[in-house]
Amino acid sequence: MSEIRLIVSTVVFAILLAVFEILFYGFGSLATVKGIVYVLLQTLAFFLLMLWIRRAGDDADSKED
């Protein structure tokens, strides 16, 4: 179930980031390679951060005192 939440949150983040780009910089910002790469890199960074946080939580749960 947590994998589904991770995927959904990443997709929502990518959509919100694209909307932010369009609202503040215009549609032309996503029509360029630079704009597309920016959105993809930010989405990848978000995904990796969420994986790292989830793994840190799993490691903390599995350690014994």
# chains A, B, ... in the order shown; residues from 1 in each chain; ligands from 1
>>> select_by_dssp(residues="chain A", states="alpha helix (DSSP H)", output="mmCIF file with N, CA and C atoms, in the first residue's frame")
data_model
loop_
_atom_site.group_PDB
_atom_site.id
_atom_site.type_symbol
_atom_site.label_atom_id
_atom_site.label_comp_id
_atom_site.auth_asym_id
_atom_site.auth_seq_id
_atom_site.Cartn_x
_atom_site.Cartn_y
_atom_site.Cartn_z
ATOM 1 N N SER A 2 2.006 1.202 0.664
ATOM 2 C CA SER A 2 2.859 2.389 0.708
ATOM 3 C C SER A 2 3.470 2.690 -0.666
ATOM 4 N N GLU A 3 3.662 1.655 -1.497
ATOM 5 C CA GLU A 3 4.183 1.887 -2.840
ATOM 6 C C GLU A 3 3.181 2.675 -3.676
ATOM 7 N N ILE A 4 1.901 2.378 -3.496
ATOM 8 C CA ILE A 4 0.871 3.095 -4.238
ATOM 9 C C ILE A 4 0.834 4.552 -3.797
ATOM 10 N N ARG A 5 0.935 4.783 -2.484
ATOM 11 C CA ARG A 5 0.956 6.166 -1.989
ATOM 12 C C ARG A 5 2.167 6.920 -2.514
ATOM 13 N N LEU A 6 3.300 6.246 -2.614
ATOM 14 C CA LEU A 6 4.513 6.873 -3.136
ATOM 15 C C LEU A 6 4.324 7.272 -4.599
ATOM 16 N N ILE A 7 3.752 6.391 -5.386
ATOM 17 C CA ILE A 7 3.526 6.674 -6.802
ATOM 18 C C ILE A 7 2.518 7.798 -6.973
ATOM 19 N N VAL A 8 1.429 7.743 -6.213
ATOM 20 C CA VAL A 8 0.405 8.779 -6.321
ATOM 21 C C VAL A 8 0.959 10.133 -5.895
ATOM 22 N N SER A 9 1.706 10.165 -4.808
ATOM 23 C CA SER A 9 2.261 11.447 -4.354
ATOM 24 C C SER A 9 3.268 11.998 -5.359
ATOM 25 N N THR A 10 4.034 11.135 -6.011
ATOM 26 C CA THR A 10 4.984 11.596 -7.022
ATOM 27 C C THR A 10 4.264 12.164 -8.231
ATOM 28 N N VAL A 11 3.202 11.513 -8.665
ATOM 29 C CA VAL A 11 2.425 12.010 -9.806
ATOM 30 C C VAL A 11 1.770 13.347 -9.457
ATOM 31 N N VAL A 12 1.203 13.448 -8.268
ATOM 32 C CA VAL A 12 0.593 14.707 -7.841
ATOM 33 C C VAL A 12 1.643 15.812 -7.776
ATOM 34 N N PHE A 13 2.817 15.504 -7.259
ATOM 35 C CA PHE A 13 3.898 16.492 -7.204
ATOM 36 C C PHE A 13 4.275 16.952 -8.604
ATOM 37 N N ALA A 14 4.396 16.028 -9.550
ATOM 38 C CA ALA A 14 4.769 16.390 -10.920
ATOM 39 C C ALA A 14 3.706 17.291 -11.552
ATOM 40 N N ILE A 15 2.444 16.990 -11.313
ATOM 41 C CA ILE A 15 1.370 17.812 -11.864
ATOM 42 C C ILE A 15 1.393 19.212 -11.251
ATOM 43 N N LEU A 16 1.542 19.279 -9.929
ATOM 44 C CA LEU A 16 1.597 20.585 -9.273
ATOM 45 C C LEU A 16 2.810 21.396 -9.718
ATOM 46 N N LEU A 17 3.930 20.729 -9.919
ATOM 47 C CA LEU A 17 5.128 21.428 -10.390
ATOM 48 C C LEU A 17 4.912 21.973 -11.802
ATOM 49 N N ALA A 18 4.284 21.193 -12.666
ATOM 50 C CA ALA A 18 3.998 21.652 -14.029
ATOM 51 C C ALA A 18 3.019 22.829 -14.006
ATOM 52 N N VAL A 19 2.006 22.759 -13.156
ATOM 53 C CA VAL A 19 1.053 23.864 -13.034
ATOM 54 C C VAL A 19 1.763 25.120 -12.522
ATOM 55 N N PHE A 20 2.633 24.957 -11.547
ATOM 56 C CA PHE A 20 3.419 26.083 -11.036
ATOM 57 C C PHE A 20 4.235 26.720 -12.154
ATOM 58 N N GLU A 21 4.889 25.899 -12.946
ATOM 59 C CA GLU A 21 5.693 26.414 -14.055
ATOM 60 C C GLU A 21 4.833 27.211 -15.029
ATOM 61 N N ILE A 22 3.676 26.680 -15.361
ATOM 62 C CA ILE A 22 2.796 27.355 -16.319
ATOM 63 C C ILE A 22 2.262 28.663 -15.731
ATOM 64 N N LEU A 23 1.835 28.644 -14.464
ATOM 65 C CA LEU A 23 1.259 29.838 -13.855
ATOM 66 C C LEU A 23 2.268 30.971 -13.693
ATOM 67 N N PHE A 24 3.480 30.654 -13.303
ATOM 68 C CA PHE A 24 4.449 31.692 -12.992
ATOM 69 C C PHE A 24 5.388 32.043 -14.143
ATOM 70 N N TYR A 25 5.613 31.109 -15.061
ATOM 71 C CA TYR A 25 6.561 31.382 -16.137
ATOM 72 C C TYR A 25 5.934 31.273 -17.519
ATOM 73 N N VAL A 33 13.095 22.327 -23.899
ATOM 74 C CA VAL A 33 13.789 21.176 -23.332
ATOM 75 C C VAL A 33 14.216 21.489 -21.902
ATOM 76 N N LYS A 34 14.658 22.714 -21.665
ATOM 77 C CA LYS A 34 15.099 23.121 -20.332
ATOM 78 C C LYS A 34 13.962 23.012 -19.318
ATOM 79 N N GLY A 35 12.760 23.431 -19.705
ATOM 80 C CA GLY A 35 11.610 23.348 -18.808
ATOM 81 C C GLY A 35 11.213 21.915 -18.510
ATOM 82 N N ILE A 36 11.232 21.075 -19.524
ATOM 83 C CA ILE A 36 10.875 19.668 -19.343
ATOM 84 C C ILE A 36 11.896 18.971 -18.456
ATOM 85 N N VAL A 37 13.169 19.235 -18.699
ATOM 86 C CA VAL A 37 14.230 18.626 -17.888
ATOM 87 C C VAL A 37 14.130 19.096 -16.443
ATOM 88 N N TYR A 38 13.803 20.370 -16.245
ATOM 89 C CA TYR A 38 13.650 20.898 -14.888
ATOM 90 C C TYR A 38 12.546 20.151 -14.141
ATOM 91 N N VAL A 39 11.404 19.993 -14.771
ATOM 92 C CA VAL A 39 10.284 19.300 -14.124
ATOM 93 C C VAL A 39 10.647 17.840 -13.855
ATOM 94 N N LEU A 40 11.285 17.187 -14.794
ATOM 95 C CA LEU A 40 11.668 15.784 -14.606
ATOM 96 C C LEU A 40 12.693 15.624 -13.489
ATOM 97 N N LEU A 41 13.681 16.507 -13.422
ATOM 98 C CA LEU A 41 14.694 16.412 -12.372
ATOM 99 C C LEU A 41 14.099 16.688 -10.992
ATOM 100 N N GLN A 42 13.217 17.676 -10.903
ATOM 101 C CA GLN A 42 12.574 17.958 -9.623
ATOM 102 C C GLN A 42 11.695 16.788 -9.188
ATOM 103 N N THR A 43 11.011 16.160 -10.128
ATOM 104 C CA THR A 43 10.174 15.007 -9.810
ATOM 105 C C THR A 43 11.035 13.829 -9.358
ATOM 106 N N LEU A 44 12.149 13.608 -10.031
ATOM 107 C CA LEU A 44 13.067 12.544 -9.633
ATOM 108 C C LEU A 44 13.630 12.804 -8.237
ATOM 109 N N ALA A 45 13.988 14.052 -7.969
ATOM 110 C CA ALA A 45 14.500 14.399 -6.638
ATOM 111 C C ALA A 45 13.443 14.151 -5.565
ATOM 112 N N PHE A 46 12.204 14.514 -5.848
ATOM 113 C CA PHE A 46 11.106 14.282 -4.898
ATOM 114 C C PHE A 46 10.927 12.784 -4.656
ATOM 115 N N PHE A 47 10.923 11.989 -5.717
ATOM 116 C CA PHE A 47 10.745 10.547 -5.608
ATOM 117 C C PHE A 47 11.857 9.917 -4.775
ATOM 118 N N LEU A 48 13.097 10.304 -5.052
ATOM 119 C CA LEU A 48 14.222 9.746 -4.299
ATOM 120 C C LEU A 48 14.193 10.177 -2.835
ATOM 121 N N LEU A 49 13.784 11.410 -2.572
ATOM 122 C CA LEU A 49 13.656 11.872 -1.198
ATOM 123 C C LEU A 49 12.588 11.074 -0.451
ATOM 124 N N MET A 50 11.469 10.814 -1.104
ATOM 125 C CA MET A 50 10.405 10.029 -0.465
ATOM 126 C C MET A 50 10.869 8.593 -0.194
ATOM 127 N N LEU A 51 11.630 8.016 -1.129
ATOM 128 C CA LEU A 51 12.181 6.673 -0.902
ATOM 129 C C LEU A 51 13.139 6.670 0.280
ATOM 130 N N TRP A 52 13.971 7.697 0.365
ATOM 131 C CA TRP A 52 14.948 7.799 1.438
ATOM 132 C C TRP A 52 14.247 7.940 2.789
ATOM 133 N N ILE A 53 13.220 8.785 2.844
ATOM 134 C CA ILE A 53 12.473 8.963 4.088
ATOM 135 C C ILE A 53 11.785 7.667 4.487
ATOM 136 N N ARG A 54 11.183 6.979 3.518
ATOM 137 C CA ARG A 54 10.496 5.719 3.817
ATOM 138 C C ARG A 54 11.481 4.668 4.314
ATOM 139 N N ARG A 55 12.655 4.602 3.678
ATOM 140 C CA ARG A 55 13.659 3.625 4.088
ATOM 141 C C ARG A 55 14.199 3.935 5.473
ATOM 142 N N ALA A 56 14.368 5.223 5.782
ATOM 143 C CA ALA A 56 14.832 5.605 7.112
ATOM 144 C C ALA A 56 13.803 5.213 8.161
ATOM 145 N N GLY A 57 12.528 5.372 7.848
ATOM 146 C CA GLY A 57 11.481 4.954 8.766
ATOM 147 C C GLY A 57 11.440 3.460 8.960
ATOM 148 N N ASP A 58 11.649 2.710 7.874
ATOM 149 C CA ASP A 58 11.677 1.254 7.966
ATOM 150 C C ASP A 58 12.874 0.776 8.799
ATOM 151 N N ASP A 59 14.035 1.437 8.620
ATOM 152 C CA ASP A 59 15.220 1.068 9.384
ATOM 153 C C ASP A 59 15.023 1.353 10.865
ATOM 154 N N ALA A 60 14.378 2.472 11.162
ATOM 155 C CA ALA A 60 14.134 2.818 12.574
ATOM 156 C C ALA A 60 13.170 1.838 13.234
ATOM 157 N N ASP A 61 12.205 1.362 12.461
ATOM 158 C CA ASP A 61 11.238 0.405 13.004
ATOM 159 C C ASP A 61 11.854 -0.961 13.239
ATOM 160 N N SER A 62 12.852 -1.321 12.436
ATOM 161 C CA SER A 62 13.421 -2.661 12.533
ATOM 162 C C SER A 62 14.535 -2.784 13.573
#
